[in-house]
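S.K.: Take a look at target19.json, JSON, C-alpha atoms:
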```json
[["chain", "number", "residue", "atom", "x", "y", "z"],
["C", 30, "MET", "CA", 31.67, 20.30, 8.19],
["C", 31, "ARG", "CA", 32.69, 17.10, 9.99],
["C", 32, "PHE", "CA", 36.10, 18.69, 10.89],
["C", 33, "ILE", "CA", 34.35, 21.61, 12.60],
["C", 34, "LYS", "CA", 32.02, 19.20, 14.41],
["C", 35, "TRP", "CA", 34.95, 17.21, 15.83],
["C", 36, "LEU", "CA", 36.76, 20.42, 16.87],
["C", 37, "ALA", "CA", 33.66, 21.34, 18.87],
["C", 38, "VAL", "CA", 33.60, 17.86, 20.41],
["C", 39, "LEU", "CA", 37.25, 18.11, 21.57],
["C", 40, "ALA", "CA", 36.84, 21.67, 22.90],
["C", 41, "PRO", "CA", 35.83, 20.72, 26.52],
["C", 42, "ALA", "CA", 38.90, 18.46, 27.01],
["C", 43, "ALA", "CA", 41.20, 21.12, 25.54],
["C", 44, "ALA", "CA", 39.70, 23.81, 27.75],
["C", 45, "GLY", "CA", 40.10, 21.62, 30.85],
["C", 46, "LEU", "CA", 43.76, 20.93, 29.98],
["C", 47, "VAL", "CA", 44.53, 24.63, 29.47],
["C", 48, "LEU", "CA", 42.94, 25.56, 32.82],
["C", 49, "ASP", "CA", 44.89, 22.79, 34.56],
["C", 50, "ILE", "CA", 48.20, 24.11, 33.16],
["C", 51, "LEU", "CA", 47.41, 27.74, 34.08],
["C", 52, "ILE", "CA", 46.49, 26.84, 37.62],
["C", 53, "ALA", "CA", 49.49, 24.53, 38.11],
["C", 54, "ARG", "CA", 52.04, 27.09, 36.83],
["C", 55, "GLY", "CA", 50.58, 30.40, 37.84],
["C", 56, "ILE", "CA", 50.11, 29.90, 41.59],
["C", 57, "PRO", "CA", 52.95, 30.23, 44.22],
["C", 58, "ASP", "CA", 54.08, 27.16, 46.17],
["C", 59, "ILE", "CA", 51.81, 27.59, 49.22],
["C", 60, "PRO", "CA", 49.65, 25.04, 51.07],
["C", 61, "ILE", "CA", 46.64, 26.08, 49.11],
["C", 62, "LEU", "CA", 48.54, 25.20, 45.96],
["C", 63, "TYR", "CA", 47.57, 21.55, 46.26],
["C", 64, "MET", "CA", 43.89, 22.42, 46.62],
["C", 65, "ARG", "CA", 44.13, 24.61, 43.54],
["C", 66, "ALA", "CA", 46.08, 21.99, 41.67],
["C", 67, "ASP", "CA", 43.37, 19.46, 42.53],
["C", 68, "LEU", "CA", 40.82, 21.93, 41.19],
["C", 69, "GLY", "CA", 42.77, 22.09, 37.93],
["C", 70, "ILE", "CA", 42.83, 18.31, 37.66],
["C", 71, "PHE", "CA", 39.12, 18.27, 38.40],
["C", 72, "LEU", "CA", 38.47, 20.75, 35.59],
["C", 73, "PHE", "CA", 40.62, 18.67, 33.25],
["C", 74, "LEU", "CA", 38.78, 15.48, 34.16],
["C", 75, "ALA", "CA", 35.45, 17.28, 33.76],
["C", 76, "GLY", "CA", 36.55, 18.35, 30.30],
["C", 77, "VAL", "CA", 37.52, 14.76, 29.47],
["C", 78, "VAL", "CA", 34.15, 13.47, 30.66],
["C", 79, "LEU", "CA", 32.33, 16.08, 28.61],
["C", 80, "THR", "CA", 34.47, 15.18, 25.61],
["C", 81, "VAL", "CA", 33.67, 11.50, 26.01],
["C", 82, "LEU", "CA", 29.99, 12.34, 26.18],
["C", 83, "CYS", "CA", 30.25, 14.57, 23.12],
["C", 84, "VAL", "CA", 32.18, 11.89, 21.22],
["C", 85, "GLY", "CA", 29.46, 9.37, 22.02],
["C", 86, "ALA", "CA", 26.73, 11.80, 20.98],
["C", 87, "THR", "CA", 28.59, 12.62, 17.76],
["C", 88, "ILE", "CA", 29.11, 8.96, 16.89],
["C", 89, "PHE", "CA", 25.43, 8.28, 17.55],
["C", 90, "SER", "CA", 24.45, 11.32, 15.47],
["C", 91, "ASP", "CA", 26.65, 10.21, 12.57],
["C", 92, "TRP", "CA", 25.24, 6.69, 12.79],
["C", 93, "SER", "CA", 21.68, 8.03, 12.78],
["C", 94, "GLU", "CA", 22.42, 10.26, 9.80],
["C", 95, "ARG", "CA", 23.94, 7.37, 7.85],
["C", 96, "ARG", "CA", 21.00, 5.17, 8.75],
["C", 97, "LEU", "CA", 18.50, 7.80, 7.58],
["C", 98, "GLU", "CA", 20.47, 8.32, 4.39],
["C", 99, "THR", "CA", 20.47, 4.56, 3.75],
["C", 100, "GLN", "CA", 16.73, 4.34, 4.41],
["C", 101, "ALA", "CA", 16.04, 7.30, 2.11],
["C", 102, "HIS", "CA", 18.20, 5.74, -0.60],
["C", 103, "ASN", "CA", 16.43, 2.39, -0.25],
["C", 104, "LEU", "CA", 13.03, 4.08, -0.42],
["C", 105, "HIS", "CA", 14.11, 6.00, -3.50],
["C", 106, "VAL", "CA", 15.33, 2.82, -5.19],
["C", 107, "GLU", "CA", 12.16, 0.98, -4.22],
["C", 108, "ALA", "CA", 9.98, 3.80, -5.55],
["C", 109, "ASN", "CA", 11.89, 3.82, -8.84],
["C", 110, "ASP", "CA", 11.57, 0.05, -9.14],
["C", 111, "GLU", "CA", 7.84, 0.24, -8.43],
["C", 112, "ARG", "CA", 7.46, 3.02, -11.01],
["C", 113, "ARG", "CA", 9.30, 0.96, -13.63],
["C", 114, "ARG", "CA", 7.14, -2.08, -12.87],
["C", 115, "PHE", "CA", 3.99, 0.03, -13.15],
["C", 116, "LEU", "CA", 5.03, 1.54, -16.48],
["C", 117, "SER", "CA", 5.99, -1.88, -17.82],
["C", 118, "ARG", "CA", 2.60, -3.30, -16.83],
["C", 119, "LEU", "CA", 0.80, -0.27, -18.25],
["C", 120, "ASP", "CA", 2.68, -0.70, -21.53],
["C", 121, "HIS", "CA", 1.59, -4.34, -21.63],
["C", 122, "GLU", "CA", -2.04, -3.50, -20.82],
["C", 123, "LEU", "CA", -2.15, -0.84, -23.56],
["C", 124, "LYS", "CA", -0.24, -2.81, -26.16],
["C", 125, "ASN", "CA", -2.63, -5.77, -26.37],
["C", 126, "PRO", "CA", -5.88, -3.85, -27.04],
["C", 127, "LEU", "CA", -4.12, -1.41, -29.38],
["C", 128, "THR", "CA", -2.70, -4.31, -31.39],
["C", 129, "ALA", "CA", -6.15, -5.89, -31.55],
["C", 130, "ILE", "CA", -7.70, -2.60, -32.67],
["C", 131, "ARG", "CA", -5.11, -2.18, -35.43],
["C", 132, "ALA", "CA", -5.66, -5.76, -36.59],
["C", 133, "GLY", "CA", -9.42, -5.26, -36.59],
["C", 134, "LEU", "CA", -9.18, -2.06, -38.61],
["C", 135, "ALA", "CA", -6.81, -3.74, -41.05],
["C", 136, "ASN", "CA", -9.38, -6.50, -41.63],
["C", 137, "ILE", "CA", -12.07, -3.98, -42.56],
["C", 138, "SER", "CA", -12.03, -3.18, -46.25],
["C", 139, "GLU", "CA", -14.52, -2.66, -49.02],
["C", 140, "ASP", "CA", -14.22, -6.23, -50.25],
["C", 141, "THR", "CA", -14.74, -7.70, -46.77],
["C", 142, "THR", "CA", -17.97, -9.61, -46.34],
["C", 143, "ALA", "CA", -20.61, -8.11, -44.08],
["C", 144, "PRO", "CA", -20.33, -10.78, -41.32],
["C", 145, "ALA", "CA", -16.50, -10.50, -41.25],
["C", 146, "ARG", "CA", -16.75, -6.70, -41.18],
["C", 147, "GLN", "CA", -19.21, -6.85, -38.30],
["C", 148, "GLU", "CA", -16.96, -9.27, -36.38],
["C", 149, "ALA", "CA", -13.96, -6.97, -36.85],
["C", 150, "LEU", "CA", -15.99, -3.97, -35.73],
["C", 151, "SER", "CA", -17.18, -5.86, -32.63],
["C", 152, "SER", "CA", -13.58, -6.70, -31.77],
["C", 153, "VAL", "CA", -12.52, -3.07, -32.15],
["C", 154, "GLU", "CA", -15.44, -1.93, -29.99],
["C", 155, "ALA", "CA", -14.59, -4.46, -27.26],
["C", 156, "GLN", "CA", -10.95, -3.37, -27.14],
["C", 157, "ALA", "CA", -11.93, 0.31, -27.13],
["C", 158, "LEU", "CA", -14.23, -0.43, -24.17],
["C", 159, "ARG", "CA", -11.35, -2.18, -22.42],
["C", 160, "LEU", "CA", -9.14, 0.89, -22.88],
["C", 161, "SER", "CA", -11.94, 3.11, -21.64],
["C", 162, "ARG", "CA", -12.32, 1.04, -18.46],
["C", 163, "LEU", "CA", -8.57, 1.04, -17.91],
["C", 164, "SER", "CA", -8.47, 4.82, -18.27],
["C", 165, "ALA", "CA", -11.43, 5.24, -15.88],
["C", 166, "ASP", "CA", -9.84, 3.00, -13.24],
["C", 167, "LEU", "CA", -6.50, 4.80, -13.51],
["C", 168, "ARG", "CA", -8.32, 8.11, -13.03],
["C", 169, "LYS", "CA", -10.14, 6.77, -9.95],
["C", 170, "LEU", "CA", -6.87, 5.52, -8.48],
["C", 171, "ALA", "CA", -5.18, 8.89, -9.06],
["C", 172, "GLU", "CA", -8.11, 10.81, -7.58],
["C", 173, "LEU", "CA", -8.03, 8.68, -4.43],
["C", 174, "GLU", "CA", -4.64, 10.15, -3.52],
["C", 175, "THR", "CA", -5.94, 13.73, -3.41],
["C", 176, "ARG", "CA", -9.72, 13.48, -3.21],
["C", 177, "PRO", "CA", -11.12, 14.39, 0.22],
["C", 178, "VAL", "CA", -12.92, 11.39, 1.73],
["C", 179, "GLU", "CA", -16.45, 12.11, 2.87],
["C", 180, "ARG", "CA", -17.10, 11.14, 6.48],
["C", 181, "VAL", "CA", -20.70, 10.19, 7.09],
["C", 182, "PRO", "CA", -22.30, 7.29, 8.99],
["C", 183, "VAL", "CA", -22.53, 4.31, 6.62],
["C", 184, "ASP", "CA", -24.89, 1.39, 7.19],
["C", 185, "LEU", "CA", -22.49, -1.34, 6.12],
["C", 186, "ALA", "CA", -25.08, -4.12, 6.36],
["C", 187, "ALA", "CA", -27.46, -2.34, 3.96],
["C", 188, "MET", "CA", -24.58, -1.58, 1.60],
["C", 189, "LEU", "CA", -23.48, -5.25, 1.57],
["C", 190, "GLU", "CA", -27.03, -6.35, 0.81],
["C", 191, "GLU", "CA", -27.17, -3.91, -2.10],
["C", 192, "ALA", "CA", -23.82, -5.10, -3.49],
["C", 193, "PHE", "CA", -24.92, -8.72, -3.04],
["C", 194, "THR", "CA", -28.17, -8.14, -4.97],
["C", 195, "LEU", "CA", -26.27, -6.39, -7.76],
["C", 196, "ALA", "CA", -23.83, -9.31, -8.01],
["C", 197, "GLN", "CA", -26.66, -11.84, -8.07],
["C", 198, "ASP", "CA", -28.27, -10.04, -11.00],
["C", 199, "SER", "CA", -25.11, -10.02, -13.11],
["C", 200, "PRO", "CA", -25.13, -12.54, -15.98],
["C", 201, "GLU", "CA", -21.63, -13.79, -15.06],
["C", 202, "ALA", "CA", -22.88, -14.94, -11.63],
["C", 203, "ALA", "CA", -25.87, -16.86, -12.95],
["C", 204, "ASP", "CA", -24.21, -20.27, -12.48],
["C", 205, "ARG", "CA", -22.48, -19.45, -9.14],
["C", 206, "HIS", "CA", -23.89, -20.01, -5.66],
["C", 207, "LEU", "CA", -23.86, -16.68, -3.82],
["C", 208, "ASN", "CA", -24.47, -16.43, -0.06],
["C", 209, "LEU", "CA", -24.61, -13.44, 2.28],
["C", 210, "THR", "CA", -24.13, -13.80, 6.05],
["C", 211, "LEU", "CA", -24.75, -10.81, 8.33],
["C", 212, "PRO", "CA", -25.00, -10.79, 12.15],
["C", 213, "ARG", "CA", -28.49, -10.28, 13.51],
["C", 214, "ALA", "CA", -28.16, -11.19, 17.19],
["C", 215, "PRO", "CA", -27.52, -9.91, 19.74],
["C", 216, "TRP", "CA", -27.06, -6.78, 17.63],
["C", 217, "PRO", "CA", -26.47, -5.93, 13.97],
["C", 218, "LEU", "CA", -23.31, -4.55, 12.45],
["C", 219, "PRO", "CA", -22.37, -1.09, 13.78],
["C", 220, "LYS", "CA", -22.20, 1.81, 11.40],
["C", 221, "ILE", "CA", -18.86, 3.02, 10.13],
["C", 222, "SER", "CA", -17.72, 6.49, 9.15],
["C", 223, "GLY", "CA", -16.65, 7.01, 5.57],
["C", 224, "ASP", "CA", -17.44, 7.66, 1.93],
["C", 225, "GLN", "CA", -20.34, 5.41, 0.96],
["C", 226, "ASP", "CA", -19.62, 5.50, -2.79],
["C", 227, "LEU", "CA", -15.98, 4.51, -2.30],
["C", 228, "LEU", "CA", -16.81, 1.76, 0.18],
["C", 229, "PHE", "CA", -19.44, 0.37, -2.18],
["C", 230, "LEU", "CA", -16.85, 0.38, -4.98],
["C", 231, "ALA", "CA", -14.44, -1.59, -2.77],
["C", 232, "VAL", "CA", -17.02, -4.27, -1.95],
["C", 233, "HIS", "CA", -18.22, -4.39, -5.55],
["C", 234, "ASN", "CA", -14.65, -4.89, -6.81],
["C", 235, "LEU", "CA", -14.09, -7.77, -4.38],
["C", 236, "LEU", "CA", -17.30, -9.45, -5.52],
["C", 237, "ASP", "CA", -16.56, -8.83, -9.19],
["C", 238, "ASN", "CA", -13.10, -10.29, -8.71],
["C", 239, "ALA", "CA", -14.57, -13.43, -7.06],
["C", 240, "ILE", "CA", -17.07, -13.89, -9.89],
["C", 241, "LYS", "CA", -14.41, -13.50, -12.60],
["C", 242, "PHE", "CA", -12.01, -16.01, -11.05],
["C", 243, "THR", "CA", -14.49, -18.74, -10.19],
["C", 244, "ARG", "CA", -16.06, -21.41, -12.36],
["C", 245, "SER", "CA", -19.54, -22.68, -12.96],
["C", 246, "GLY", "CA", -20.92, -24.29, -9.82],
["C", 247, "ASP", "CA", -18.48, -22.55, -7.44],
["C", 248, "THR", "CA", -19.66, -20.86, -4.25],
["C", 249, "ILE", "CA", -19.09, -17.22, -3.29],
["C", 250, "GLU", "CA", -19.77, -16.09, 0.27],
["C", 251, "ILE", "CA", -19.93, -12.58, 1.70],
["C", 252, "ARG", "CA", -19.49, -12.52, 5.46],
["C", 253, "ALA", "CA", -19.32, -9.61, 7.89],
["C", 254, "LEU", "CA", -18.76, -9.44, 11.62],
["C", 255, "GLU", "CA", -17.78, -7.01, 14.35],
["C", 256, "ASP", "CA", -14.21, -7.52, 15.52],
["C", 257, "GLY", "CA", -13.54, -5.27, 18.50],
["C", 258, "SER", "CA", -13.25, -1.70, 17.27],
["C", 259, "LYS", "CA", -13.38, -2.79, 13.62],
["C", 260, "VAL", "CA", -15.76, -4.42, 11.17],
["C", 261, "LEU", "CA", -14.44, -7.32, 9.14],
["C", 262, "VAL", "CA", -15.84, -8.02, 5.67],
["C", 263, "GLU", "CA", -14.84, -11.26, 3.93],
["C", 264, "VAL", "CA", -15.46, -12.29, 0.33],
["C", 265, "ALA", "CA", -14.68, -16.01, 0.04],
["C", 266, "ASP", "CA", -14.88, -18.34, -2.95],
["C", 267, "THR", "CA", -14.22, -21.96, -3.90],
["C", 268, "GLY", "CA", -12.27, -21.02, -7.01],
["C", 269, "PRO", "CA", -8.86, -22.28, -8.11],
["C", 270, "GLY", "CA", -6.97, -20.19, -5.54],
["C", 271, "ILE", "CA", -3.94, -17.95, -6.03],
["C", 272, "ALA", "CA", -0.39, -19.14, -6.56],
["C", 273, "ASP", "CA", 1.91, -18.50, -3.60],
["C", 274, "GLU", "CA", 4.29, -16.36, -5.67],
["C", 275, "ASP", "CA", 1.39, -14.12, -6.78],
["C", 276, "ILE", "CA", -0.08, -13.47, -3.33],
["C", 277, "PRO", "CA", 2.36, -10.66, -2.32],
["C", 278, "HIS", "CA", 1.63, -8.77, -5.56],
["C", 279, "VAL", "CA", -2.13, -9.05, -6.12],
["C", 280, "TRP", "CA", -2.79, -5.62, -4.54],
["C", 281, "GLU", "CA", -0.32, -3.87, -6.86],
["C", 282, "GLU", "CA", -1.48, -1.72, -9.76],
["C", 283, "LEU", "CA", -1.87, -3.57, -13.07],
["C", 284, "TYR", "CA", -0.44, -6.82, -11.68],
["C", 285, "ARG", "CA", -1.68, -9.86, -13.58],
["C", 286, "GLY", "CA", -0.87, -13.19, -11.97],
["C", 287, "GLN", "CA", -0.73, -16.61, -13.57],
["C", 288, "GLY", "CA", -4.43, -17.25, -13.07],
["C", 289, "ALA", "CA", -5.40, -13.84, -14.48],
["C", 290, "ARG", "CA", -4.18, -14.49, -18.00],
["C", 291, "GLY", "CA", -7.10, -14.55, -20.39],
["C", 292, "VAL", "CA", -9.47, -13.09, -17.76],
["C", 293, "PRO", "CA", -10.88, -9.68, -18.73],
["C", 294, "GLY", "CA", -10.10, -6.81, -16.43],
["C", 295, "SER", "CA", -7.92, -3.74, -15.97],
["C", 296, "GLY", "CA", -5.71, -5.14, -13.22],
["C", 297, "LEU", "CA", -6.66, -2.20, -11.00],
["C", 298, "GLY", "CA", -9.66, -3.56, -9.11],
["C", 299, "LEU", "CA", -7.78, -4.84, -6.07],
["C", 300, "ALA", "CA", -5.43, -1.85, -6.08],
["C", 301, "LEU", "CA", -8.51, 0.38, -5.77],
["C", 302, "VAL", "CA", -9.79, -1.75, -2.87],
["C", 303, "ARG", "CA", -6.49, -1.33, -1.03],
["C", 304, "ALA", "CA", -6.38, 2.44, -1.68],
["C", 305, "ILE", "CA", -9.97, 2.88, -0.45],
["C", 306, "ALA", "CA", -9.24, 0.86, 2.69],
["C", 307, "GLU", "CA", -6.15, 2.93, 3.47],
["C", 308, "ARG", "CA", -8.04, 6.22, 2.98],
["C", 309, "HIS", "CA", -10.51, 4.94, 5.59],
["C", 310, "ASN", "CA", -7.74, 3.91, 8.03],
["C", 311, "GLY", "CA", -8.51, 0.29, 7.27],
["C", 312, "GLU", "CA", -6.56, -2.61, 5.85],
["C", 313, "VAL", "CA", -6.89, -5.49, 3.41],
["C", 314, "GLY", "CA", -5.66, -9.05, 3.40],
["C", 315, "LEU", "CA", -6.15, -12.44, 1.81],
["C", 316, "ARG", "CA", -5.78, -16.14, 2.44],
["C", 317, "SER", "CA", -5.66, -18.65, -0.38],
["C", 318, "ARG", "CA", -5.11, -22.34, -0.97],
["C", 319, "ALA", "CA", -4.42, -23.71, -4.41],
["C", 320, "GLY", "CA", -7.34, -25.77, -5.65],
["C", 321, "GLN", "CA", -9.57, -24.84, -2.69],
["C", 322, "GLY", "CA", -10.31, -21.14, -2.90],
["C", 323, "THR", "CA", -9.52, -17.65, -1.65],
["C", 324, "VAL", "CA", -10.70, -15.32, 1.12],
["C", 325, "PHE", "CA", -10.27, -11.56, 0.66],
["C", 326, "THR", "CA", -10.67, -9.45, 3.80],
["C", 327, "LEU", "CA", -11.54, -5.79, 4.23],
["C", 328, "LYS", "CA", -11.18, -4.43, 7.77],
["C", 329, "LEU", "CA", -12.61, -0.99, 8.60],
["C", 330, "PRO", "CA", -12.72, 0.93, 11.89],
["C", 331, "VAL", "CA", -16.08, 1.47, 13.55],
["C", 332, "GLY", "CA", -17.04, 5.14, 13.44]]
```
Take the structure I supplied and represent it as structure tokens, if you would.

M.R.:
Amino acid sequence: MRFIKWLAVLAPAAAGLVLDILIARGIPDIPILYMRADLGIFLFLAGVVLTVLCVGATIFSDWSERRLETQAHNLHVEANDERRRFLSRLDHELKNPLTAIRAGLANISEDTTAPARQEALSSVEAQALRLSRLSADLRKLAELETRPVERVPVDLAAMLEEAFTLAQDSPEAADRHLNLTLPRAPWPLPKISGDQDLLFLAVHNLLDNAIKFTRSGDTIEIRALEDGSKVLVEVADTGPGIADEDIPHVWEELYRGQGARGVPGSGLGLALVRAIAERHNGEVGLRSRAGQGTVFTLKLPVG
């Protein structure tokens, strides 16, 4: 295929050379001969110029093809690596509760005392609930890729107040200081266009994440403001912060950083937040300082 391409590239120069030879040899030696000979040289030079242009275009085309092939290969390798990481994390997330369930069932026997049997059953029930939540979150994440996103006007301020009230009422937040800051003047937050249930899930996951990774007496703040053509929602906390090496990975599915060990959860909460933001043409981000706290951001376009 490349041989044929280069033959086509060299064709103009070859054609110009052939015409030059025919004109130079096939015309009698008369005064007009020189004019016709000059015409032949002109045709030859024109063929050379066209060949040079074709060579340049061919080199550029080959370079572009190689570049696209390299990019496609890199994307393929990256996708495979991401898939392997996901499966490895999923295996880890499934292995722990399944091992606990097997151990709990093994501890239940006819000669087991009633309190010990009840404790084993409670452990099995807790791990089964953990698997159920993991399965539900995986299903939500998969549905987000194909599910059509509803586009209706959403009162973001009212939704944040509802999520804030729900977080306040949770037993885990009883010893945290929760604050909500919404703009009132000179105008309130504008409405956005989107799926209210999905957007509520995103905010709820950010709040739930802040509650899980803070300690007694810590402060959690929800802030929202209008930023040009977008609305910025921030969930900030005074928790332990996130290690620098974990920050690039916290939005990945099933990723569990150093500070997440021993903390209950599916490892899919932030991945769902990112997927919901992307389906609404928005974006997510975070800032964190070890020992001081973390700020998660959700930026959505005004609709």

S.K.: So which one's closest to C:Asn234, C:Glu98, C:Gly76, C:Val178, C:Leu195? Using all atoms listed in the file, please.

M.R.: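 Looking at the shortest contact to C:Asn234, the residue is C:Leu195.
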
S.K.: May I ask for the distance between atom CA of C:Phe242 and atom CA of C:Glu191, given in Å to one decimal place?

M.R.: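 About the pair atom CA of C:Phe242 and atom CA of C:Glu191: they are 21.4 Å apart.
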
S.K.: Within 6 Å of C:Thr326, counting all atoms listed in the file, which residues qualify if same-chain residues fewer than 5 places away don't, as a PyMOL selection string?

M.R.: chain C and resi 262-263+313-315

S.K.: Which is closest to C:Pro219 among C:Arg205, C:Arg252, C:Arg318, C:Lys259, if we use all atoms listed in the file?

M.R.: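 Among C:Arg205, C:Arg252, C:Arg318, C:Lys259, it is C:Lys259 that comes nearest to C:Pro219.
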
S.K.: Quick one, how far is atom CA of C:His278 from atom CA of C:Thr128?

M.R.: 26.6 Å

S.K.: Work out how far atom CA of C:Ile251 is from atom CA of C:Ile271, in Å to one decimal.

M.R.: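 Value for the atom CA of C:Ile271-atom CA of C:Ile251 distance: 18.6 Å.
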
S.K.: Give me the residues near C:Glu179 as a PDB file with C-alpha atoms, in the coordinates of the input, where near means some atom within 12 Å (using all atoms listed in the file) and where sequence neighbours in that chain fewer than 2 positions away do not count.

M.R.:
```pdb
ATOM      1  CA  LEU C 173      -8.030   8.680  -4.430  1.00  0.00           C
ATOM      2  CA  ARG C 176      -9.720  13.480  -3.210  1.00  0.00           C
ATOM      3  CA  PRO C 177     -11.120  14.390   0.220  1.00  0.00           C
ATOM      4  CA  VAL C 181     -20.700  10.190   7.090  1.00  0.00           C
ATOM      5  CA  PRO C 182     -22.300   7.290   8.990  1.00  0.00           C
ATOM      6  CA  VAL C 183     -22.530   4.310   6.620  1.00  0.00           C
ATOM      7  CA  ILE C 221     -18.860   3.020  10.130  1.00  0.00           C
ATOM      8  CA  SER C 222     -17.720   6.490   9.150  1.00  0.00           C
ATOM      9  CA  GLY C 223     -16.650   7.010   5.570  1.00  0.00           C
ATOM     10  CA  ASP C 224     -17.440   7.660   1.930  1.00  0.00           C
ATOM     11  CA  GLN C 225     -20.340   5.410   0.960  1.00  0.00           C
ATOM     12  CA  ASP C 226     -19.620   5.500  -2.790  1.00  0.00           C
ATOM     13  CA  LEU C 227     -15.980   4.510  -2.300  1.00  0.00           C
ATOM     14  CA  LEU C 228     -16.810   1.760   0.180  1.00  0.00           C
ATOM     15  CA  ILE C 305      -9.970   2.880  -0.450  1.00  0.00           C
ATOM     16  CA  ARG C 308      -8.040   6.220   2.980  1.00  0.00           C
ATOM     17  CA  HIS C 309     -10.510   4.940   5.590  1.00  0.00           C
TER      18      HIS C 309
END
```

S.K.: I'd like the contact shell of C:Leu297 - 6 Å cut-off, only C-alpha atoms, skipping same-chain residues fewer than 2 positions apart - returned as a PyMOL selection string.

M.R.: chain C and resi 282-283+295+299-300

S.K.: Check the smallest atom-to-atom distance from each of C:Gly322, C:Pro144, C:Pro200, C:Gly296 to C:Val264 using all atoms listed in the file, then report the winner.

M.R.: C:Gly322

S.K.: Would you pull stretch 76-104 of chain C out of the block just shown and save C-alpha atoms as a short mmCIF file (atom, residue, chain, number, x, y, z; two decimals), in the first residue's frame?

M.R.:
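What ended up in out_18.cif:
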```
data_model
loop_
_atom_site.label_atom_id
_atom_site.label_comp_id
_atom_site.auth_asym_id
_atom_site.auth_seq_id
_atom_site.Cartn_x
_atom_site.Cartn_y
_atom_site.Cartn_z
CA GLY C 76 6.16 18.33 -11.93
CA VAL C 77 9.06 18.60 -9.47
CA VAL C 78 7.21 21.22 -7.43
CA LEU C 79 4.09 19.09 -7.36
CA THR C 80 6.18 16.09 -6.34
CA VAL C 81 7.79 18.05 -3.51
CA LEU C 82 4.35 19.11 -2.33
CA CYS C 83 3.07 15.55 -2.55
CA VAL C 84 6.12 14.24 -0.69
CA GLY C 85 5.52 16.76 2.09
CA ALA C 86 1.83 15.87 2.25
CA THR C 87 2.65 12.15 2.31
CA ILE C 88 5.24 12.56 5.07
CA PHE C 89 2.75 14.60 7.09
CA SER C 90 0.03 12.01 6.45
CA ASP C 91 2.30 9.16 7.55
CA TRP C 92 3.32 11.10 10.65
CA SER C 93 -0.33 11.79 11.51
CA GLU C 94 -1.23 8.13 11.01
CA ARG C 95 1.63 6.99 13.25
CA ARG C 96 0.66 9.55 15.86
CA LEU C 97 -2.98 8.40 15.83
CA GLU C 98 -1.88 4.78 16.03
CA THR C 99 0.35 5.60 19.01
CA GLN C 100 -2.45 7.49 20.74
CA ALA C 101 -4.90 4.64 20.11
CA HIS C 102 -2.38 2.14 21.46
CA ASN C 103 -1.75 4.25 24.56
CA LEU C 104 -5.49 4.61 25.17
#
```
